[in-house]
Each structure stands twice: as C-alpha cells, then as structure tokens.
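Structure file query22.txt; described as compact mmCIF, C-alpha atoms and all ligand atoms.
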```
# COMPACT_ATOMS: atom_id res chain seq x y z
CA MET A 1444 -5.02 -4.23 7.30
CA ARG A 1445 -5.56 -1.08 9.29
CA SER A 1446 -8.84 -0.74 11.03
CA ILE A 1447 -8.43 2.14 13.45
CA PHE A 1448 -10.30 5.21 12.58
CA HIS A 1449 -10.54 8.13 14.91
CA ALA A 1450 -14.05 8.88 16.07
CA ALA A 1451 -13.57 12.62 15.73
CA ALA A 1452 -12.43 12.17 12.15
CA ALA A 1453 -15.53 10.09 11.49
CA VAL A 1454 -17.69 12.99 12.60
CA PHE A 1455 -15.79 15.27 10.23
CA LEU A 1456 -16.26 12.77 7.44
CA LEU A 1457 -19.94 12.54 8.01
CA HIS A 1458 -20.11 16.30 7.81
CA PHE A 1459 -18.11 16.24 4.60
CA PHE A 1460 -20.05 13.64 2.80
CA LEU A 1461 -23.25 15.41 3.62
CA THR A 1462 -22.06 18.76 2.35
CA VAL A 1463 -19.61 18.01 -0.45
CA THR A 1464 -20.66 16.48 -3.72
CA PHE A 1465 -19.08 13.17 -4.54
CA SER A 1466 -15.79 13.39 -6.34
CA VAL A 1467 -12.31 12.01 -6.13
CA GLY A 1468 -10.83 15.31 -5.18
CA ILE A 1469 -7.08 15.40 -5.15
CA ARG A 1470 -4.74 18.19 -4.31
CA THR A 1471 -1.03 17.73 -4.56
CA ILE A 1472 1.70 19.03 -2.35
CA GLY A 1473 5.25 19.60 -3.47
CA GLY A 1474 8.34 18.02 -2.03
CA GLY A 1475 8.88 20.34 0.94
CA ASP A 1476 11.89 22.49 1.67
CA GLY A 1477 14.03 19.96 3.47
CA SER A 1478 14.69 22.32 6.37
CA GLY A 1479 12.58 20.54 8.94
CA PRO A 1480 13.80 18.61 11.93
CA GLY A 1481 14.39 14.87 11.82
CA PHE A 1482 10.90 13.93 13.00
CA GLY A 1483 12.27 10.92 14.78
CA PHE A 1484 13.73 9.41 11.59
CA SER A 1485 17.38 9.36 10.54
CA GLU A 1486 18.37 10.63 7.15
CA ALA A 1487 18.83 7.71 4.76
CA PRO A 1488 22.11 7.26 2.87
CA ASP A 1489 22.12 9.03 -0.47
CA TYR A 1490 21.52 6.30 -3.05
CA ARG A 1491 22.78 7.27 -6.51
CA ASN A 1492 22.36 5.98 -10.05
CA GLY A 1493 24.94 3.69 -11.57
CA VAL A 1494 26.58 4.65 -14.88
CA GLU A 1495 24.26 2.33 -16.83
CA CYS A 1496 21.13 4.27 -15.84
CA PRO A 1497 19.15 6.37 -18.34
CA VAL A 1498 20.39 9.94 -18.03
CA SER A 1499 17.43 11.89 -19.35
CA VAL A 1500 16.15 12.49 -15.84
CA ASN A 1501 16.55 16.21 -15.36
CA LYS A 1502 18.29 16.69 -12.04
CA GLU A 1503 16.77 20.12 -11.45
CA VAL A 1504 13.08 19.45 -11.96
CA VAL A 1505 12.01 15.84 -12.13
CA SER A 1506 8.54 15.71 -13.62
CA SER A 1507 6.46 12.61 -13.01
CA CYS A 1508 6.01 12.54 -16.80
CA ASP A 1509 9.66 11.65 -17.45
CA PRO A 1510 9.53 8.40 -19.48
CA ASP A 1511 12.54 6.86 -17.71
CA LEU A 1512 10.91 6.85 -14.30
CA VAL A 1513 9.76 3.84 -12.32
CA HIS A 1514 6.54 4.84 -10.55
CA VAL A 1515 5.76 3.47 -7.11
CA ALA A 1516 2.55 4.31 -5.24
CA MET A 1517 2.14 3.85 -1.50
CA THR A 1518 -0.10 5.20 1.22
CA LEU A 1519 1.41 7.38 3.90
CA ASP A 1520 -0.26 7.73 7.27
CA SER A 1521 0.91 8.30 10.81
CA GLU A 1522 -0.07 4.81 11.92
CA TYR A 1523 2.11 2.97 9.39
CA LEU A 1524 4.69 5.69 8.84
CA ARG A 1525 7.60 3.66 10.14
CA GLY A 1526 6.73 0.85 7.75
CA SER A 1527 6.35 3.18 4.77
CA ILE A 1528 9.72 4.84 5.44
CA ALA A 1529 11.41 1.44 5.70
CA ALA A 1530 9.74 0.32 2.46
CA VAL A 1531 10.99 3.39 0.57
CA HIS A 1532 14.45 2.88 2.02
CA SER A 1533 14.47 -0.75 0.86
CA VAL A 1534 13.42 0.16 -2.68
CA LEU A 1535 16.20 2.75 -2.95
CA ARG A 1536 18.85 0.53 -1.45
CA HIS A 1537 18.33 -2.26 -3.95
CA ALA A 1538 17.38 -0.27 -7.07
CA SER A 1539 19.94 -0.22 -9.87
CA CYS A 1540 18.80 3.34 -10.69
CA PRO A 1541 17.42 4.78 -7.42
CA GLU A 1542 17.28 8.33 -8.77
CA ASN A 1543 14.85 7.15 -11.45
CA VAL A 1544 12.27 5.93 -8.96
CA PHE A 1545 9.37 8.31 -8.40
CA PHE A 1546 7.19 7.82 -5.34
CA HIS A 1547 3.52 8.76 -5.30
CA PHE A 1548 2.35 8.95 -1.68
CA ILE A 1549 -1.34 8.97 -0.90
CA ALA A 1550 -2.13 10.64 2.43
CA ALA A 1551 -5.48 10.84 4.13
CA GLU A 1552 -7.15 14.20 4.44
CA PHE A 1553 -7.76 13.82 8.16
CA ASP A 1554 -4.57 12.10 9.20
CA PRO A 1555 -3.29 13.34 12.57
CA ALA A 1556 -0.13 14.37 10.69
CA SER A 1557 -1.00 16.85 7.98
CA PRO A 1558 0.18 16.12 4.44
CA ARG A 1559 2.46 19.14 4.74
CA VAL A 1560 4.14 17.64 7.79
CA LEU A 1561 4.41 14.21 6.14
CA SER A 1562 5.97 15.89 3.13
CA LYS A 1563 8.61 17.60 5.28
CA LEU A 1564 9.32 14.34 7.01
CA VAL A 1565 9.87 12.47 3.74
CA ARG A 1566 12.08 15.28 2.47
CA SER A 1567 14.22 15.34 5.60
CA THR A 1568 14.61 11.55 5.57
CA PHE A 1569 15.27 11.24 1.82
CA PRO A 1570 16.68 14.64 0.72
CA SER A 1571 16.98 13.78 -2.99
CA LEU A 1572 13.86 11.62 -3.38
CA ASN A 1573 11.52 12.23 -6.30
CA PHE A 1574 8.07 12.22 -4.80
CA LYS A 1575 4.68 13.80 -4.63
CA ILE A 1576 2.08 13.62 -1.88
CA TYR A 1577 -1.58 13.49 -2.83
CA ILE A 1578 -4.43 14.07 -0.46
CA PHE A 1579 -7.02 11.34 -0.57
CA ARG A 1580 -10.46 12.60 0.25
CA GLU A 1581 -12.03 9.89 2.36
CA ASP A 1582 -15.51 11.00 1.41
CA ALA A 1583 -14.77 9.45 -1.98
CA VAL A 1584 -15.09 6.01 -0.41
CA ILE A 1585 -16.55 6.36 3.05
CA ASN A 1586 -20.11 5.96 1.84
CA LEU A 1587 -19.07 2.91 -0.18
CA ILE A 1588 -17.48 1.05 2.70
CA SER A 1589 -19.90 -1.45 4.12
CA SER A 1590 -20.46 -0.87 7.80
CA SER A 1591 -21.00 -4.57 8.28
CA ILE A 1592 -17.40 -5.41 7.42
CA ARG A 1593 -15.97 -4.69 10.84
CA GLN A 1594 -16.94 -3.31 14.20
CA ALA A 1595 -14.37 -0.56 13.87
CA LEU A 1596 -14.60 1.67 10.86
CA GLU A 1597 -12.06 0.57 8.31
CA ASN A 1598 -9.31 2.93 7.23
CA PRO A 1599 -10.47 4.45 3.93
CA LEU A 1600 -6.83 4.66 2.84
CA ASN A 1601 -6.99 0.89 2.25
CA TYR A 1602 -9.09 1.77 -0.78
CA ALA A 1603 -6.69 4.36 -2.21
CA ARG A 1604 -5.21 1.78 -4.62
CA ASN A 1605 -8.54 1.77 -6.41
CA TYR A 1606 -8.16 5.46 -7.25
CA LEU A 1607 -4.60 5.57 -8.61
CA GLY A 1608 -5.89 5.98 -12.17
CA ASP A 1609 -7.66 9.16 -11.08
CA ILE A 1610 -5.06 10.44 -8.64
CA LEU A 1611 -1.86 10.17 -10.67
CA ASP A 1612 -1.05 12.38 -13.66
CA LEU A 1613 -2.44 11.07 -16.95
CA CYS A 1614 1.12 10.73 -18.28
CA VAL A 1615 1.80 8.01 -15.68
CA ASP A 1616 0.84 4.92 -17.63
CA ARG A 1617 2.11 2.25 -15.24
CA VAL A 1618 2.56 2.08 -11.48
CA ILE A 1619 3.70 -0.43 -8.90
CA TYR A 1620 1.43 -0.35 -5.86
CA LEU A 1621 3.10 -1.38 -2.60
CA ASP A 1622 1.67 -1.84 0.89
CA SER A 1623 3.45 -0.17 3.81
CA ASP A 1624 4.32 -3.36 5.71
CA LEU A 1625 6.91 -4.75 3.33
CA VAL A 1626 10.50 -4.41 2.20
CA VAL A 1627 11.85 -4.90 -1.31
CA VAL A 1628 15.17 -6.77 -1.37
CA ASP A 1629 15.72 -6.85 -5.13
CA ASP A 1630 15.94 -4.34 -7.97
CA ILE A 1631 12.51 -2.71 -8.39
CA HIS A 1632 13.31 -2.21 -12.09
CA LYS A 1633 12.90 -5.96 -12.61
CA LEU A 1634 9.36 -5.85 -11.24
CA TRP A 1635 8.67 -2.70 -13.24
CA ASN A 1636 9.65 -4.42 -16.49
CA THR A 1637 7.17 -7.28 -16.03
CA ALA A 1638 5.15 -7.68 -19.21
CA LEU A 1639 1.37 -7.60 -18.80
CA THR A 1640 0.34 -9.93 -21.64
CA ASN A 1641 -3.05 -10.40 -23.31
CA SER A 1642 -4.14 -6.85 -22.44
CA ARG A 1643 -4.10 -7.68 -18.74
CA VAL A 1644 -4.60 -4.69 -16.48
CA ILE A 1645 -2.76 -5.85 -13.39
CA GLY A 1646 0.01 -8.26 -12.48
CA ALA A 1647 0.50 -9.95 -9.10
CA PRO A 1648 1.62 -13.31 -7.74
CA GLU A 1649 -1.32 -15.75 -7.87
CA TYR A 1650 -2.11 -18.48 -5.36
CA CYS A 1651 -4.22 -21.08 -7.12
CA HIS A 1652 -4.04 -23.62 -4.27
CA ALA A 1653 -5.74 -21.26 -1.82
CA ASN A 1654 -9.42 -22.07 -1.25
CA PHE A 1655 -11.06 -19.27 -3.22
CA THR A 1656 -14.55 -20.11 -1.93
CA LYS A 1657 -13.89 -18.72 1.52
CA TYR A 1658 -13.40 -15.15 0.34
CA PHE A 1659 -17.12 -14.83 -0.40
CA THR A 1660 -20.25 -15.64 1.54
CA ASP A 1661 -22.63 -18.53 0.90
CA GLY A 1662 -25.14 -15.90 -0.16
CA PHE A 1663 -22.80 -14.86 -2.94
CA TRP A 1664 -22.11 -18.38 -4.22
CA SER A 1665 -25.77 -19.39 -4.10
CA ASP A 1666 -26.85 -16.40 -6.17
CA PRO A 1667 -26.53 -17.50 -9.81
CA VAL A 1668 -26.45 -13.93 -11.12
CA LEU A 1669 -23.62 -12.81 -8.85
CA SER A 1670 -21.47 -15.95 -8.97
CA ARG A 1671 -21.73 -15.97 -12.77
CA VAL A 1672 -18.94 -13.36 -12.68
CA PHE A 1673 -16.44 -16.23 -12.33
CA HIS A 1674 -17.98 -18.58 -14.91
CA SER A 1675 -15.65 -17.67 -17.73
CA ARG A 1676 -12.53 -17.55 -15.56
CA ARG A 1677 -10.53 -19.79 -13.29
CA PRO A 1678 -10.18 -17.45 -10.32
CA CYS A 1679 -7.17 -17.62 -8.03
CA TYR A 1680 -6.47 -15.65 -4.89
CA PHE A 1681 -3.95 -12.84 -5.17
CA ASN A 1682 -2.74 -10.31 -2.63
CA THR A 1683 -3.43 -6.66 -3.49
CA GLY A 1684 -0.44 -5.42 -1.47
CA VAL A 1685 1.91 -5.78 -4.44
CA MET A 1686 0.52 -5.03 -7.88
CA VAL A 1687 1.86 -3.86 -11.22
CA MET A 1688 -0.92 -1.80 -12.78
CA ASP A 1689 -1.35 -0.67 -16.37
CA LEU A 1690 -3.04 2.67 -15.76
CA VAL A 1691 -3.91 3.26 -19.42
CA ARG A 1692 -5.96 0.05 -19.57
CA TRP A 1693 -7.25 0.74 -16.08
CA ARG A 1694 -8.59 4.16 -17.04
CA GLU A 1695 -9.93 3.01 -20.42
CA GLY A 1696 -11.76 0.07 -18.86
CA ASN A 1697 -13.12 2.23 -16.02
CA TYR A 1698 -11.98 -0.33 -13.47
CA ARG A 1699 -12.46 2.09 -10.59
CA LYS A 1700 -16.17 2.06 -11.35
CA ARG A 1701 -16.27 -1.72 -11.75
CA ILE A 1702 -14.81 -2.13 -8.25
CA GLU A 1703 -17.17 0.47 -6.84
CA ASN A 1704 -20.13 -1.38 -8.35
CA TRP A 1705 -19.22 -4.46 -6.29
CA MET A 1706 -18.84 -2.29 -3.21
CA GLU A 1707 -22.36 -1.00 -3.81
CA ILE A 1708 -23.66 -4.56 -3.98
CA GLN A 1709 -21.78 -5.40 -0.77
CA ARG A 1710 -23.43 -2.44 0.95
CA LYS A 1711 -26.89 -3.80 0.15
CA ARG A 1712 -26.24 -7.49 0.74
CA ARG A 1713 -23.24 -9.01 2.38
CA ILE A 1714 -21.26 -10.94 -0.22
CA TYR A 1715 -17.86 -10.97 1.51
CA GLU A 1716 -16.30 -10.45 4.96
CA LEU A 1717 -12.99 -8.73 4.23
CA GLY A 1718 -12.60 -5.09 3.23
CA SER A 1719 -10.76 -3.82 0.17
CA LEU A 1720 -9.51 -7.16 -1.22
CA PRO A 1721 -12.69 -8.97 -2.37
CA PRO A 1722 -13.80 -6.32 -4.90
CA PHE A 1723 -10.39 -6.69 -6.57
CA LEU A 1724 -10.85 -10.46 -6.65
CA LEU A 1725 -14.31 -10.05 -8.18
CA VAL A 1726 -13.00 -7.86 -10.96
CA PHE A 1727 -9.58 -9.39 -11.63
CA ALA A 1728 -9.19 -12.92 -10.22
CA GLY A 1729 -8.40 -15.26 -13.10
CA ASN A 1730 -7.32 -12.34 -15.25
CA VAL A 1731 -4.13 -11.23 -13.55
CA GLU A 1732 -0.67 -11.60 -14.99
CA ALA A 1733 0.95 -14.18 -12.73
CA ILE A 1734 4.14 -12.60 -11.44
CA ASP A 1735 6.85 -14.72 -9.79
CA HIS A 1736 5.99 -15.53 -6.18
CA LYS A 1737 9.30 -14.11 -5.02
CA TRP A 1738 7.76 -10.65 -5.42
CA ASN A 1739 5.32 -11.19 -2.57
CA GLN A 1740 6.49 -13.43 0.23
CA HIS A 1741 3.36 -12.55 2.18
CA GLY A 1742 1.85 -13.51 5.51
CA LEU A 1743 4.93 -12.71 7.61
CA GLY A 1744 2.76 -10.80 10.06
CA GLY A 1745 1.50 -14.18 11.19
CA ASP A 1746 -2.06 -15.32 11.49
CA ASN A 1747 -4.38 -13.75 13.95
CA VAL A 1748 -3.43 -16.20 16.66
CA ARG A 1749 -1.23 -14.33 19.08
CA GLY A 1750 2.46 -14.97 18.93
CA SER A 1751 2.44 -17.08 15.80
CA CYS A 1752 5.37 -16.62 13.45
CA ARG A 1753 5.46 -17.60 9.81
CA SER A 1754 8.37 -18.83 7.76
CA LEU A 1755 9.18 -18.04 4.16
CA HIS A 1756 7.61 -19.94 1.30
CA THR A 1757 10.15 -21.98 -0.59
CA GLY A 1758 12.03 -20.36 -3.43
CA PRO A 1759 13.80 -17.05 -3.97
CA VAL A 1760 12.83 -13.81 -2.22
CA SER A 1761 12.59 -10.36 -3.79
CA LEU A 1762 10.00 -8.85 -1.44
CA LEU A 1763 9.08 -9.61 2.17
CA HIS A 1764 5.53 -8.72 3.18
CA TRP A 1765 4.34 -8.64 6.80
CA SER A 1766 0.68 -8.99 5.89
CA GLY A 1767 -1.42 -10.30 8.72
CA LYS A 1768 -1.85 -9.02 12.21
CA GLY A 1769 1.71 -8.66 13.52
CA LYS A 1770 4.09 -5.95 12.33
CA PRO A 1771 7.88 -6.28 12.64
CA TRP A 1772 8.41 -2.85 14.24
CA VAL A 1773 5.87 -3.61 16.96
CA ARG A 1774 7.38 -7.01 17.74
CA LEU A 1775 10.95 -5.70 17.65
CA ASP A 1776 10.08 -2.86 20.03
CA ALA A 1777 8.36 -5.33 22.34
CA ARG A 1778 11.56 -7.43 22.20
CA ASN A 1779 9.49 -10.35 21.08
CA PRO A 1780 10.35 -10.55 17.36
CA CYS A 1781 9.71 -13.40 14.97
CA PRO A 1782 12.93 -14.70 13.35
CA LEU A 1783 12.16 -13.02 10.00
CA ASP A 1784 11.51 -9.64 11.65
CA HIS A 1785 15.29 -9.24 11.80
CA LEU A 1786 15.26 -8.99 8.00
CA TRP A 1787 13.10 -5.86 8.27
CA LYS A 1788 15.34 -4.13 10.81
CA PRO A 1789 18.17 -3.02 8.47
CA TYR A 1790 15.67 -0.79 6.63
CA ASP A 1791 14.24 0.85 9.75
CA LEU A 1792 15.19 4.52 9.98
CA TYR A 1793 13.24 5.28 13.12
CA LYS A 1794 15.63 6.83 15.63
CA GLY A 1795 13.80 5.63 18.70
CA SER A 1796 14.06 2.02 17.75
CA SER A 1797 17.54 1.23 19.03
CA ILE A 1798 17.99 -0.05 22.54
CA LYS A 1799 20.45 2.77 23.26
CA ASP A 1800 17.97 5.52 22.37
CA ARG A 1801 15.04 3.79 23.94
CA SER A 1802 16.57 3.62 27.38
CA SER A 1803 16.88 7.40 27.52
CA PHE A 1804 13.22 8.18 26.73
CA PRO A 1805 10.00 7.36 28.47
CA SER A 1806 8.40 4.41 26.73
CA SER A 1807 5.21 6.35 25.99
CA ILE A 1808 7.06 8.29 23.28
CA PHE A 1809 7.33 5.12 21.25
CA LEU A 1810 3.70 4.21 21.29
CA GLY A 1811 2.65 6.54 18.53
CA PHE A 1812 4.00 8.90 15.96
CA SER A 1813 1.40 11.56 16.26
CA SER A 1814 3.15 13.12 19.22
CA PHE A 1815 6.16 13.79 17.02
CA LEU A 1816 4.15 15.17 14.20
CA SER A 1817 1.53 17.42 15.65
C1 LIG A 1901 -13.29 -24.38 0.73
O1 LIG A 1901 -13.96 -23.54 1.67
C2 LIG A 1901 -15.36 -23.78 1.71
C3 LIG A 1901 -15.97 -22.71 2.59
O2 LIG A 1901 -15.20 -22.43 3.72
C4 LIG A 1901 -15.61 -25.21 2.21
O3 LIG A 1901 -16.99 -25.46 2.29
C5 LIG A 1901 -14.95 -26.19 1.24
O4 LIG A 1901 -15.07 -27.48 1.73
C6 LIG A 1901 -13.46 -25.83 1.07
N1 LIG A 1901 -12.90 -26.67 0.00
C7 LIG A 1901 -11.79 -27.35 0.13
C8 LIG A 1901 -11.34 -28.11 -1.06
O5 LIG A 1901 -11.13 -27.34 1.16
```
As structure tokens, please, write out the structure in this file.
Amino acid sequence: MRSIFHAAAAVFLLHFFLTVTFSVGIRTIGGGDGSGPGFGFSEAPDYRNGVECPVSVNKEVVSSCDPDLVHVAMTLDSEYLRGSIAAVHSVLRHASCPENVFFHFIAAEFDPASPRVLSKLVRSTFPSLNFKIYIFREDAVINLISSSIRQALENPLNYARNYLGDILDLCVDRVIYLDSDLVVVDDIHKLWNTALTNSRVIGAPEYCHANFTKYFTDGFWSDPVLSRVFHSRRPCYFNTGVMVMDLVRWREGNYRKRIENWMEIQRKRRIYELGSLPPFLLVFAGNVEAIDHKWNQHGLGGDNVRGSCRSLHTGPVSLLHWSGKGKPWVRLDARNPCPLDHLWKPYDLYKGSSIKDRSSFPSSIFLGFSSFLS
C-alpha cells in the first residue's frame, strides 16, 4: 500500500477540510486530445475487437452507459503510474474484446501530476482507449483516516474503492476494481461474467486458511458488541486489490456509509492496524462471492523483509499481483529482480526502463515521474 503523502499537500488538505463542507465531490475530465508528447511512455499496440465481439459499441462516442462494456476502475497517481499503465496494457492485450473495456481512473486532487496531464498521458499511450478520469477529493476521507494507523499519512487514494458507487455514473451497475501493482494475463471478460449469487455485493478470492484474528486488535475481539459483527458469518480474509462489485446493490445497501461507520469507530478506538482493508473485512468477510484464486495470485511484492521473493500459489494464473512491499519496476530498475518480476516486464511501457535508454540518461531521471509530468 502507498503511504507517502506530501507534507505540502497535507497543509492544503487541512485547509480544504476546514473550509469545504463534506461531500464526495467529483468532477470528470474527458479523454484528452492525444496530441501530447510521450511522457516517458511508449504508445501501446492498438488492440482491436475480434469478430465475435458485440458490435453495439458506437465507435464515435463511447458512453460509459453502453450495456456491452466491461467496466474497470483503477486509481491513477504519479507514484504508481508505471504500474497502472502496465495493468491497463495487460488487460487490453488479453481481452477478447479490448475495445469494449471502459476504464474509470480515479486521480487525486493534489497529485503532483494534474488530472489533465494524466489524461493526456493515458491518451498518448492508448490512443483508442475508452476511459474517463475522475478527481477524488481527498477531503472526503482525510478526516476519516485514523492518524494512529501509520507514522506517515496514508494515501487517501487507497480509499477510493469505497466511493465507486458515488463516483461512477448511475448507469454503471457493475465494476471490476483493480490495484495498480498487478497484471491480468487472461481475458477480463471471464472475470466480468462472474455471477454474484445470493445477492452478494462483491466477489473476490477468499483465503479461509489465513488467521483472521490478526487483522483486528485484542481490544476489538474482547468487545462483545463490536466482535458480534462476525457472529452470524464465517469470516475469511480476502484481498481488496481485485474485486467484482455490484454497484446497484452497493448503492442500495449504502455500503459506503457502512464502511465509513467502521472508520469512525477506528478513529475513536483502535480496532485494527492496517489502513483501508479492515473496514472491508468488517462489512463483507464471510459474505463475498468466492472467485477462483487464479484471479488474484497476490503477495508477489514479497513480505516486508528486505530481498524476500515469493513464488506463485499452486494452480492456474489469470492475474499476478505484486501486493506487499516490493514492486517489480523498482526491483527491475535496481537490477535485483525476483524471478516472477520478469512476468511483469512484457507489459511495461515505460521508455526509460530498458538498459539501452537508461545508459544515456542520468539515473536521477528514473527516480520519479513527477519530473516528467510537471
Ligand atoms: C491467530 O492469531 C492470533 C493473534 O495473532 C493468535 O493469538 C492465535 O494463536 C492464532 N491462531 C492460530 C490458529 O494460529
């Protein structure tokens, strides 16, 4: 998870949440004009629909309300930009109908790269992509994030997945949420067509052998009122980096508010240590549609011990997820990759990442993206 948050931005935020009334304010920005420079990323190949794809998608103006679309939501920020671009590339490369995939990008209001610049970048990298960029107003969550969670202020964009029901058009009734540190190596339409049975709101791979107790504090488990939330369920851990979400049920059940209620409790008394994950567990664990584990081969970032590499879980692979501390682009650039990091590389569109290019630039250029974008 991202934890860096610029101090200057924090001052801005404080100013905002003191002067602006609470709301999930969203403005949208169109696709850009495609005339911008490369921004350090190569243009992706043009992935086109096969003959078997639904044809009702209007080539001129693709509205996010088109019923044949597969909706994917991701965050887009300068820190994880390279990962997000690779993730989009991977989805398109393996989709049976890539032109029918619509991306909803959530950008932070105070990102060093403005949403307008991010929009131009996406357009220049994927000229025919259907997408929309939404601006996530951090003040919607900043006062809900418990300061006790971490020393460094957590990136509010980690909480954007909780607001998809409010952010996306009402006509979008289902969405696949994807983290930025993953690649999809199978047809996204298969994940999209997962049935959410018994009125379930979200679907995700479940891990029932994980020790669920450790995600919450002793104070939580010893409080009979709080821990009663799990009495009628058999909760299992799931990772919120890959979720199929029924937005109609989400909005009807006011799940955004249910998650916020737990965040309010966390702010008053510490009931968990992690950031955006535990409130999802509190609301959904035991009630998620168990999707095949191949759709989230997680943990490839390694554990927080330096230099540790993870291997794949047994079974087939449709999605590789570098959750955990290490990121494949960082390790590849440092020429110290884990074996599985080489599976991420074919999706990387960052121009500076090849040895050839790197030798001709000072290394400082590759430390951050903001210098390209500002
Ligand atoms: C699960 O974790 C809790 C808290 O860390 C620990 O007390 C308990 O023994 C663990 N249970 C198992 C079965 O490992």
For chain A versus ligand LIG 1901 (chain A), which residues have an atom no more than 8 Å away, and what is each residue's nearest atom pair and distance in Å rounded to one decimal, using only C-alpha atoms and all ligand atoms, chain-then-number order, as a Markdown table?
```
| residue | atom | partner | partner_atom | distance |
| --- | --- | --- | --- | --- |
| A:Asn1654 | CA | A:LIG1901 | C1 | 4.9 |
| A:Phe1655 | CA | A:LIG1901 | C1 | 6.8 |
| A:Thr1656 | CA | A:LIG1901 | O1 | 5.0 |
| A:Lys1657 | CA | A:LIG1901 | O2 | 4.5 |
```
Interatomic distance (Å, one decimal) between CA of Pro1648 (chain A) and CA of Leu1786 (chain A):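 So the answer is 21.3 Å.
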For Ala1653 (chain A), the nearest of the candidates A:Pro1678, A:Pro1780, A:Pro1759, A:Gly1745, counting only C-alpha atoms: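 Among the listed residues, the smallest separation from Ala1653 (chain A) belongs to A:Pro1678.
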Mind working out the centre and edge lengths of an axis-aligned box for region 1764-1768 of chain A, all listed atoms inside, 5 Å added to each side, rounded to one decimal in Å and written as lines of an AutoDock Vina configuration file?
```
center_x = 1.8
center_y = -9.5
center_z = 7.7
size_x = 17.4
size_y = 11.7
size_z = 19.0
```
Two-atom distance - CA of Ile1702 (chain A), CA of Phe1723 (chain A) (Å):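 It comes out at 6.6 Å.
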Exercise: Gly1646 (chain A) partners within 10 Å, only C-alpha atoms, chain neighbours under 4 positions left out, as a PyMOL selection string: chain A and resi 1619+1634+1637-1640+1681+1683+1685-1689+1727+1730-1735
